[in-house]
Amino acid sequence: MGTDRGSHILVLDEGTTSTRAVLFDAASRVIDQAALPLDIEAKPDGRTEQDAIELWQKSRQVLSQVAERAAQAGRSIAGLGLAAMRTSTVLWDRASGQPVAPLVSWQDTRCAAQADQLRRDWGERAGRTSGLHIGPDNVPLHLSWLLRHDPELRRRAERGELLAGSPDTWLIWNLTGGPDGGLTLTSTSCASSSAGLDRTTGTWWADFFQEIDVPLQLMPQIVPDDADFGSTRADLIGLATPIRSVIGDQTSALYGQGGFEAGSVKCTHGTGSFIDFNIGTDPIVPSQGLDCRLGWQTGATTAYVLEGGSFVTGSGVEWLIHGLGLLEQAALIDQTYAQGDPESGLICVPALAGFSAPYWDSQARGLLIGFGRGTTKADVVRATLNGIAHTITDVLDAMADSAGVAPKLMRLDGGLSRSQTLPQLQADLMQIPVERSAQSEFITARGAGWAAGVATGLWDSPQAADATKEAGVTFYPQIGPAQRDALREAWRDAVGRALGWRRLGSD
């Protein structure tokens, strides 16, 4: 073993299609990382599922790899941070640690009809109590569906034999021992994102759980995002270290952008695209289908955020590659876009999993309109990327209206932000500068790392951590307002044709 090279923070950045361990030093530099892909299965009836065991085993594997290399290099680790996929749902056996159902993805739409029905009677109350829109991605609705469709699971849940939560709870429980003393915890930000938190009390929203017949005893204890989440077990990942931050992935990215002040805005391009707008320490009742969630609650800062997003960004590119065979690989997105005809008139509404804010139409479906004999593969790729940029602009416009403040800058991170084309499209359509962060693919992990580092004393404050980040690249609008307005008008016409496309069954 080499000499001690100073304290570091290890982060598990657990997403939809991959799980990754990242090691940061005190200068916020990425010293090491390891990642593995995660399988996901989308079915024609709207169910979208993953394997919770695969998620745990691969997360354990990447953490073990980075921890082992850190030990060999003489790098000490002060603590672990977790940035987690939020509104997916795991239900498992308390005694054996085995899942009793597939992991229900946040992209799953099986609860669309129930969400539509509940929204009529509970929608206004949900806005006041949880701050979130009632939608098919809500964790309580996932649990309601699982228990309603399996009477034996309901009996076991009522007997206290099962545990439930979003992936952060599943990972914390396993990292701290699983059936052998694992802790059943979730952070405030993850609980808020589940749509089950009563933000007026900081506890689970008992009335809503009762309405949808989900036993509260399934749910984990809610603690601040920088609480003591126990310690990892050395026999599990080769490292015993305190877990000192757990933040939902999207607001972790805002934290990792240094978005601590009201008015800060970021957009993360992952499987979907999510915009988070820091509105300060006081929540509001959101409008236009937006959510107002607790972004983080730590000893240093508390922030409420307006959030909205598109379900289809990285997944849209994957669809172009694997579903349609129109794009060879994601790295060729800019080149292929440039080969498309900017005058083709082709518009793609990429509602491959319904629409979220500001439309909230789970029945919407993707639409490609304006094609003719001369339409090429590159035209379709170009129209799809344009459509992704338009959906993000829709969310930002609604957000600015709800907050009463127009943002002056958007910070960008996530895998697809590495494209030269998408950031420029966003700047053009939003008519504001867009700043792409350096090491943009690590911003989500960096947020959880900064929170854990402040909690363990690696940095004195969030601002001290933010002072270490590298400067990014800024994209400025290259078209004028008149051209932008014409593009937006054509887009809104196409969206109107895609809404309410297909009615699902009642359940």
# chains A, B, ... in the order shown; residues from 1 in each chain; ligands from 1

call {"tool": "residues_around", "arguments": {"residues": "Ala206 in chain A", "least_positions_apart": "4", "cutoff": "9 Å", "atoms": "only C-alpha atoms", "output": "list of chain:residue names"}}
result
A:Gly196, A:Leu197, A:Asp198, A:Gln210, A:Glu211, A:Leu216

call {"tool": "select_by_dssp", "arguments": {"residues": "range 83-253 of chain A", "states": "strand (DSSP E or B)", "output": "number ranges by chain"}}
result
A: 83-84, 89-93, 99, 103-104, 162-165, 185-187, 197-198, 203-204, 221-223, 231, 242-248

call {"tool": "residues_around", "arguments": {"residues": "Phe475 in chain A", "least_positions_apart": "3", "cutoff": "10 Å", "atoms": "only C-alpha atoms", "output": "PyMOL selection string"}}
result
chain A and resi 410+420-421+423-428+432-436+478

call {"tool": "closest_residue", "arguments": {"among": "A:Trp92, A:Phe311, A:Trp459, A:Phe371", "to": "Trp106 in chain A", "atoms": "only C-alpha atoms"}}
result
A:Phe311

call {"tool": "atom_distance", "arguments": {"atom1": "CA of Leu254 in chain A", "atom2": "CA of Gly387 in chain A"}}
result
23.8 Å

call {"tool": "residues_around", "arguments": {"residues": "Gly453 in chain A", "least_positions_apart": "6", "cutoff": "10 Å", "atoms": "only C-alpha atoms", "output": "CSV table (one decimal) with N, CA and C atoms, in the first residue's frame"}}
result
chain,number,residue,atom,x,y,z
A,7,SER,N,-7.9,12.5,2.2
A,7,SER,CA,-9.3,12.0,2.2
A,7,SER,C,-10.0,12.1,0.9
A,8,HIS,N,-10.8,11.2,0.6
A,8,HIS,CA,-11.6,11.2,-0.6
A,8,HIS,C,-13.1,10.8,-0.2
A,9,ILE,N,-14.0,11.1,-1.2
A,9,ILE,CA,-15.4,10.7,-1.0
A,9,ILE,C,-15.7,9.7,-2.1
A,10,LEU,N,-16.3,8.6,-1.8
A,10,LEU,CA,-16.8,7.6,-2.7
A,10,LEU,C,-18.3,7.9,-2.9
A,24,PHE,N,-14.0,10.9,-5.6
A,24,PHE,CA,-13.6,12.3,-5.8
A,24,PHE,C,-12.5,12.7,-4.7
A,25,ASP,N,-11.6,13.6,-5.1
A,25,ASP,CA,-10.7,14.1,-4.1
A,25,ASP,C,-11.1,15.4,-3.6
A,26,ALA,N,-10.3,16.1,-2.8
A,26,ALA,CA,-10.7,17.3,-2.1
A,26,ALA,C,-10.8,18.5,-3.1
A,28,SER,N,-12.4,18.1,-6.0
A,28,SER,CA,-13.6,17.7,-6.8
A,28,SER,C,-13.2,17.0,-8.1
A,78,ALA,N,-13.3,9.0,3.3
A,78,ALA,CA,-14.0,9.6,4.5
A,78,ALA,C,-15.4,9.2,4.6
A,79,GLY,N,-16.0,8.9,3.5
A,79,GLY,CA,-17.5,8.5,3.6
A,79,GLY,C,-18.0,8.2,2.2
A,80,LEU,N,-19.3,7.8,2.2
A,80,LEU,CA,-19.9,7.4,0.9
A,80,LEU,C,-21.2,8.3,0.8
A,81,GLY,N,-21.4,8.8,-0.5
A,81,GLY,CA,-22.6,9.5,-0.9
A,81,GLY,C,-23.3,8.7,-1.9
A,226,ASP,N,-28.3,14.5,4.7
A,226,ASP,CA,-26.9,14.3,5.2
A,226,ASP,C,-26.9,13.7,6.6
A,244,ARG,N,-23.0,9.1,4.3
A,244,ARG,CA,-23.3,10.4,4.9
A,244,ARG,C,-24.1,11.4,4.0
A,245,SER,N,-24.5,10.9,2.8
A,245,SER,CA,-25.5,11.6,2.1
A,245,SER,C,-26.3,10.7,1.2
A,446,ARG,N,-21.3,14.2,-8.2
A,446,ARG,CA,-20.6,15.3,-7.5
A,446,ARG,C,-21.5,15.9,-6.4
A,447,GLY,N,-22.8,16.1,-6.7
A,447,GLY,CA,-23.7,16.6,-5.7
A,447,GLY,C,-23.7,15.8,-4.5
A,459,TRP,N,-15.0,19.3,3.2
A,459,TRP,CA,-15.1,20.7,2.8
A,459,TRP,C,-15.9,21.4,4.0
A,460,ASP,N,-15.6,22.7,4.2
A,460,ASP,CA,-16.2,23.4,5.3
A,460,ASP,C,-17.7,23.8,5.0
A,461,SER,N,-18.0,23.9,3.8
A,461,SER,CA,-19.4,24.3,3.4
A,461,SER,C,-19.6,23.9,2.0
A,462,PRO,N,-20.9,23.9,1.5
A,462,PRO,CA,-21.2,23.7,0.1
A,462,PRO,C,-20.5,24.7,-0.8
A,465,ALA,N,-16.9,23.7,-1.4
A,465,ALA,CA,-16.9,22.6,-2.4
A,465,ALA,C,-17.1,23.1,-3.8

call {"tool": "closest_atom_pairs", "arguments": {"of": "range 18-113 of chain A", "to": "range 129-141 of chain A", "cutoff": "8 Å", "atoms": "only C-alpha atoms", "output": "tab-separated table"}}
result
residue	atom	partner	partner_atom	distance
A:Thr87	CA	A:Val139	CA	5.7
A:Ser88	CA	A:Val139	CA	6.5
A:Thr89	CA	A:Val139	CA	5.8
A:Ser105	CA	A:Asp137	CA	7.6
A:Trp106	CA	A:Asp137	CA	4.8
A:Gln107	CA	A:Asp137	CA	6.5
A:Asp108	CA	A:Asp137	CA	6.5
A:Thr109	CA	A:Pro136	CA	5.4
A:Arg110	CA	A:Pro136	CA	6.9
A:Cys111	CA	A:Pro136	CA	4.7
A:Ala112	CA	A:Pro136	CA	4.9

call {"tool": "write_last_selection", "arguments": {"atoms": "N, CA and C atoms", "output": "compact mmCIF listing (two decimals), in the first residue's frame"}}
result
# COMPACT_ATOMS: atom_id res chain seq x y z
N THR A 87 -38.05 7.56 -8.33
CA THR A 87 -39.44 7.12 -8.25
C THR A 87 -39.68 5.73 -8.81
N SER A 88 -38.66 4.90 -8.81
CA SER A 88 -38.84 3.48 -9.04
C SER A 88 -39.10 2.81 -7.69
N THR A 89 -39.62 1.59 -7.73
CA THR A 89 -40.13 0.98 -6.50
C THR A 89 -39.67 -0.46 -6.36
N SER A 105 -40.24 0.49 -12.67
CA SER A 105 -39.47 1.66 -13.11
C SER A 105 -40.30 2.94 -13.04
N TRP A 106 -39.61 4.05 -12.92
CA TRP A 106 -40.27 5.36 -12.97
C TRP A 106 -40.89 5.60 -14.35
N GLN A 107 -40.47 4.85 -15.35
CA GLN A 107 -41.04 4.99 -16.69
C GLN A 107 -42.30 4.15 -16.89
N ASP A 108 -42.64 3.34 -15.91
CA ASP A 108 -43.78 2.44 -15.99
C ASP A 108 -45.10 3.23 -16.03
N THR A 109 -46.05 2.79 -16.86
CA THR A 109 -47.34 3.50 -16.98
C THR A 109 -48.53 2.63 -16.57
N ARG A 110 -48.30 1.51 -15.89
CA ARG A 110 -49.41 0.64 -15.53
C ARG A 110 -50.43 1.33 -14.61
N CYS A 111 -50.00 2.33 -13.88
CA CYS A 111 -50.88 3.01 -12.93
C CYS A 111 -51.52 4.27 -13.53
N ALA A 112 -51.46 4.41 -14.86
CA ALA A 112 -51.96 5.64 -15.49
C ALA A 112 -53.44 5.86 -15.22

call {"tool": "residues_around", "arguments": {"residues": "Leu412 in chain A", "least_positions_apart": "4", "cutoff": "10 Å", "atoms": "only C-alpha atoms", "output": "VMD selection string"}}
result
chain A and resid 253 to 254 257 265 to 269 275 416 to 418 423 426 434 to 438 440 to 441 443 472 to 474

call {"tool": "write_last_selection", "arguments": {"atoms": "N, CA and C atoms", "output": "PDB file, in the first residue's frame"}}
result
ATOM      1  N   ALA A 253     -27.900  16.647  -8.851  1.00  0.00           N
ATOM      2  CA  ALA A 253     -27.234  17.342  -9.949  1.00  0.00           C
ATOM      3  C   ALA A 253     -27.298  18.860  -9.758  1.00  0.00           C
ATOM      4  N   LEU A 254     -28.438  19.386  -9.284  1.00  0.00           N
ATOM      5  CA  LEU A 254     -28.520  20.824  -9.014  1.00  0.00           C
ATOM      6  C   LEU A 254     -27.530  21.210  -7.922  1.00  0.00           C
ATOM      7  N   GLN A 257     -24.115  21.302  -9.287  1.00  0.00           N
ATOM      8  CA  GLN A 257     -23.876  22.464 -10.135  1.00  0.00           C
ATOM      9  C   GLN A 257     -23.594  23.715  -9.308  1.00  0.00           C
ATOM     10  N   VAL A 265     -30.909  27.271 -12.067  1.00  0.00           N
ATOM     11  CA  VAL A 265     -31.610  26.292 -12.901  1.00  0.00           C
ATOM     12  C   VAL A 265     -30.599  25.349 -13.531  1.00  0.00           C
ATOM     13  N   LYS A 266     -30.936  24.072 -13.541  1.00  0.00           N
ATOM     14  CA  LYS A 266     -30.093  23.105 -14.253  1.00  0.00           C
ATOM     15  C   LYS A 266     -30.983  22.145 -15.027  1.00  0.00           C
ATOM     16  N   CYS A 267     -30.382  21.546 -16.058  1.00  0.00           N
ATOM     17  CA  CYS A 267     -31.042  20.502 -16.831  1.00  0.00           C
ATOM     18  C   CYS A 267     -30.084  19.329 -16.934  1.00  0.00           C
ATOM     19  N   THR A 268     -30.541  18.160 -16.556  1.00  0.00           N
ATOM     20  CA  THR A 268     -29.731  16.943 -16.631  1.00  0.00           C
ATOM     21  C   THR A 268     -30.269  16.043 -17.732  1.00  0.00           C
ATOM     22  N   HIS A 269     -29.407  15.689 -18.661  1.00  0.00           N
ATOM     23  CA  HIS A 269     -29.783  14.778 -19.735  1.00  0.00           C
ATOM     24  C   HIS A 269     -29.321  13.368 -19.387  1.00  0.00           C
ATOM     25  N   ILE A 275     -35.423  19.244 -15.479  1.00  0.00           N
ATOM     26  CA  ILE A 275     -35.075  20.621 -15.149  1.00  0.00           C
ATOM     27  C   ILE A 275     -35.447  20.863 -13.695  1.00  0.00           C
ATOM     28  N   LEU A 416     -25.903  13.152 -22.578  1.00  0.00           N
ATOM     29  CA  LEU A 416     -26.162  13.737 -23.893  1.00  0.00           C
ATOM     30  C   LEU A 416     -25.775  15.208 -23.970  1.00  0.00           C
ATOM     31  N   SER A 417     -25.457  15.823 -22.833  1.00  0.00           N
ATOM     32  CA  SER A 417     -24.989  17.210 -22.884  1.00  0.00           C
ATOM     33  C   SER A 417     -23.623  17.308 -23.556  1.00  0.00           C
ATOM     34  N   ARG A 418     -22.948  16.174 -23.706  1.00  0.00           N
ATOM     35  CA  ARG A 418     -21.654  16.177 -24.391  1.00  0.00           C
ATOM     36  C   ARG A 418     -21.805  16.440 -25.888  1.00  0.00           C
ATOM     37  N   PRO A 423     -27.094  21.218 -26.728  1.00  0.00           N
ATOM     38  CA  PRO A 423     -26.991  22.472 -25.977  1.00  0.00           C
ATOM     39  C   PRO A 423     -27.275  23.709 -26.843  1.00  0.00           C
ATOM     40  N   GLN A 426     -31.000  24.018 -27.388  1.00  0.00           N
ATOM     41  CA  GLN A 426     -31.646  24.548 -26.186  1.00  0.00           C
ATOM     42  C   GLN A 426     -31.459  26.058 -26.083  1.00  0.00           C
ATOM     43  N   VAL A 434     -26.698  28.720 -22.364  1.00  0.00           N
ATOM     44  CA  VAL A 434     -26.686  27.392 -21.750  1.00  0.00           C
ATOM     45  C   VAL A 434     -25.233  27.036 -21.468  1.00  0.00           C
ATOM     46  N   GLU A 435     -24.951  26.758 -20.197  1.00  0.00           N
ATOM     47  CA  GLU A 435     -23.575  26.439 -19.797  1.00  0.00           C
ATOM     48  C   GLU A 435     -23.453  24.943 -19.542  1.00  0.00           C
ATOM     49  N   ARG A 436     -22.615  24.294 -20.337  1.00  0.00           N
ATOM     50  CA  ARG A 436     -22.354  22.872 -20.136  1.00  0.00           C
ATOM     51  C   ARG A 436     -21.196  22.707 -19.157  1.00  0.00           C
ATOM     52  N   SER A 437     -21.461  21.986 -18.110  1.00  0.00           N
ATOM     53  CA  SER A 437     -20.448  21.814 -17.070  1.00  0.00           C
ATOM     54  C   SER A 437     -19.295  20.950 -17.554  1.00  0.00           C
ATOM     55  N   ALA A 438     -18.112  21.252 -17.058  1.00  0.00           N
ATOM     56  CA  ALA A 438     -16.978  20.367 -17.261  1.00  0.00           C
ATOM     57  C   ALA A 438     -17.272  19.045 -16.548  1.00  0.00           C
ATOM     58  N   SER A 440     -19.362  16.788 -17.339  1.00  0.00           N
ATOM     59  CA  SER A 440     -20.805  16.858 -17.142  1.00  0.00           C
ATOM     60  C   SER A 440     -21.420  15.525 -16.739  1.00  0.00           C
ATOM     61  N   GLU A 441     -20.806  14.416 -17.141  1.00  0.00           N
ATOM     62  CA  GLU A 441     -21.374  13.119 -16.797  1.00  0.00           C
ATOM     63  C   GLU A 441     -21.204  12.759 -15.321  1.00  0.00           C
ATOM     64  N   ILE A 443     -21.699  15.175 -12.743  1.00  0.00           N
ATOM     65  CA  ILE A 443     -22.278  16.221 -11.899  1.00  0.00           C
ATOM     66  C   ILE A 443     -23.244  15.640 -10.874  1.00  0.00           C
ATOM     67  N   GLY A 472     -17.031  25.546 -17.160  1.00  0.00           N
ATOM     68  CA  GLY A 472     -17.612  24.839 -18.282  1.00  0.00           C
ATOM     69  C   GLY A 472     -17.559  25.632 -19.569  1.00  0.00           C
ATOM     70  N   VAL A 473     -18.411  25.237 -20.542  1.00  0.00           N
ATOM     71  CA  VAL A 473     -18.487  25.874 -21.858  1.00  0.00           C
ATOM     72  C   VAL A 473     -19.893  26.440 -22.035  1.00  0.00           C
ATOM     73  N   THR A 474     -20.004  27.668 -22.549  1.00  0.00           N
ATOM     74  CA  THR A 474     -21.296  28.329 -22.682  1.00  0.00           C
ATOM     75  C   THR A 474     -21.711  28.425 -24.151  1.00  0.00           C
TER      76      THR A 474
END

call {"tool": "atom_distance", "arguments": {"atom1": "CA of Thr176 in chain A", "atom2": "CA of Gly160 in chain A"}}
result
20.2 Å

call {"tool": "atom_distance", "arguments": {"atom1": "CA of Ser189 in chain A", "atom2": "CA of Asp225 in chain A"}}
result
6.7 Å

call {"tool": "select_by_dssp", "arguments": {"residues": "range 252-344 of chain A", "states": "alpha helix (DSSP H)", "output": "compact mmCIF listing (two decimals) with C-alpha atoms, in the first residue's frame"}}
result
# COMPACT_ATOMS: atom_id res chain seq x y z
CA SER A 252 -28.18 16.01 -6.52
CA ALA A 253 -27.23 17.34 -9.95
CA LEU A 254 -28.52 20.82 -9.01
CA TYR A 255 -26.46 20.61 -5.81
CA GLY A 256 -23.46 19.45 -7.85
CA GLY A 314 -31.12 9.25 -23.77
CA SER A 315 -33.88 6.68 -24.23
CA GLY A 316 -34.87 8.51 -27.42
CA VAL A 317 -31.35 8.14 -28.77
CA GLU A 318 -31.40 4.47 -27.76
CA ILE A 333 -25.54 12.06 -33.08
CA ASP A 334 -23.96 15.41 -34.04
CA GLN A 335 -22.57 14.12 -37.34
CA THR A 336 -25.87 12.51 -38.33
CA TYR A 337 -27.85 15.58 -37.28
CA ALA A 338 -25.73 17.74 -39.57
CA GLN A 339 -26.50 15.42 -42.49

call {"tool": "decode", "arguments": {"residues": "range 26-49 of chain A", "atoms": "N, CA and C atoms", "output": "mmCIF file, in the first residue's frame"}}
result
data_model
loop_
_atom_site.group_PDB
_atom_site.id
_atom_site.type_symbol
_atom_site.label_atom_id
_atom_site.label_comp_id
_atom_site.auth_asym_id
_atom_site.auth_seq_id
_atom_site.Cartn_x
_atom_site.Cartn_y
_atom_site.Cartn_z
ATOM 1 N N ALA A 26 -10.339 16.074 -2.752
ATOM 2 C CA ALA A 26 -10.748 17.333 -2.129
ATOM 3 C C ALA A 26 -10.810 18.488 -3.112
ATOM 4 N N ALA A 27 -10.298 18.301 -4.332
ATOM 5 C CA ALA A 27 -10.394 19.305 -5.379
ATOM 6 C C ALA A 27 -11.537 19.000 -6.346
ATOM 7 N N SER A 28 -12.422 18.093 -5.955
ATOM 8 C CA SER A 28 -13.574 17.669 -6.759
ATOM 9 C C SER A 28 -13.173 17.004 -8.069
ATOM 10 N N ARG A 29 -11.968 16.493 -8.126
ATOM 11 C CA ARG A 29 -11.533 15.783 -9.316
ATOM 12 C C ARG A 29 -11.954 14.324 -9.247
ATOM 13 N N VAL A 30 -12.306 13.763 -10.401
ATOM 14 C CA VAL A 30 -12.637 12.346 -10.471
ATOM 15 C C VAL A 30 -11.327 11.563 -10.527
ATOM 16 N N ILE A 31 -11.061 10.829 -9.462
ATOM 17 C CA ILE A 31 -9.812 10.069 -9.348
ATOM 18 C C ILE A 31 -9.958 8.679 -9.939
ATOM 19 N N ASP A 32 -11.151 8.116 -9.796
ATOM 20 C CA ASP A 32 -11.382 6.764 -10.296
ATOM 21 C C ASP A 32 -12.887 6.577 -10.453
ATOM 22 N N GLN A 33 -13.259 5.612 -11.286
ATOM 23 C CA GLN A 33 -14.668 5.301 -11.445
ATOM 24 C C GLN A 33 -14.816 3.923 -12.060
ATOM 25 N N ALA A 34 -15.957 3.324 -11.838
ATOM 26 C CA ALA A 34 -16.294 2.040 -12.450
ATOM 27 C C ALA A 34 -17.796 2.034 -12.679
ATOM 28 N N ALA A 35 -18.225 1.481 -13.806
ATOM 29 C CA ALA A 35 -19.650 1.490 -14.140
ATOM 30 C C ALA A 35 -20.043 0.170 -14.784
ATOM 31 N N LEU A 36 -21.304 -0.198 -14.593
ATOM 32 C CA LEU A 36 -21.877 -1.377 -15.226
ATOM 33 C C LEU A 36 -23.276 -1.049 -15.722
ATOM 34 N N PRO A 37 -23.692 -1.635 -16.844
ATOM 35 C CA PRO A 37 -25.038 -1.369 -17.361
ATOM 36 C C PRO A 37 -26.104 -2.116 -16.567
ATOM 37 N N LEU A 38 -27.312 -1.592 -16.589
ATOM 38 C CA LEU A 38 -28.463 -2.232 -15.961
ATOM 39 C C LEU A 38 -29.499 -2.541 -17.030
ATOM 40 N N ASP A 39 -30.042 -3.735 -16.988
ATOM 41 C CA ASP A 39 -31.069 -4.118 -17.944
ATOM 42 C C ASP A 39 -32.402 -3.490 -17.562
ATOM 43 N N ILE A 40 -33.222 -3.234 -18.562
ATOM 44 C CA ILE A 40 -34.576 -2.721 -18.330
ATOM 45 C C ILE A 40 -35.469 -3.328 -19.395
ATOM 46 N N GLU A 41 -36.672 -3.730 -18.993
ATOM 47 C CA GLU A 41 -37.601 -4.383 -19.908
ATOM 48 C C GLU A 41 -38.879 -3.568 -20.006
ATOM 49 N N ALA A 42 -39.170 -3.090 -21.199
ATOM 50 C CA ALA A 42 -40.400 -2.339 -21.458
ATOM 51 C C ALA A 42 -41.367 -3.235 -22.205
ATOM 52 N N LYS A 43 -42.585 -3.393 -21.681
ATOM 53 C CA LYS A 43 -43.577 -4.285 -22.262
ATOM 54 C C LYS A 43 -44.672 -3.485 -22.961
ATOM 55 N N PRO A 44 -45.341 -4.092 -23.931
ATOM 56 C CA PRO A 44 -46.352 -3.355 -24.709
ATOM 57 C C PRO A 44 -47.498 -2.792 -23.876
ATOM 58 N N ASP A 45 -47.790 -3.391 -22.721
ATOM 59 C CA ASP A 45 -48.915 -2.914 -21.904
ATOM 60 C C ASP A 45 -48.546 -1.750 -20.994
ATOM 61 N N GLY A 46 -47.329 -1.222 -21.127
ATOM 62 C CA GLY A 46 -46.918 -0.075 -20.327
ATOM 63 C C GLY A 46 -46.045 -0.409 -19.138
ATOM 64 N N ARG A 47 -45.965 -1.696 -18.794
ATOM 65 C CA ARG A 47 -45.090 -2.075 -17.676
ATOM 66 C C ARG A 47 -43.625 -1.932 -18.085
ATOM 67 N N THR A 48 -42.840 -1.335 -17.216
ATOM 68 C CA THR A 48 -41.404 -1.181 -17.436
ATOM 69 C C THR A 48 -40.711 -1.605 -16.153
ATOM 70 N N GLU A 49 -39.916 -2.654 -16.232
ATOM 71 C CA GLU A 49 -39.412 -3.308 -15.017
ATOM 72 C C GLU A 49 -37.911 -3.551 -15.092
#
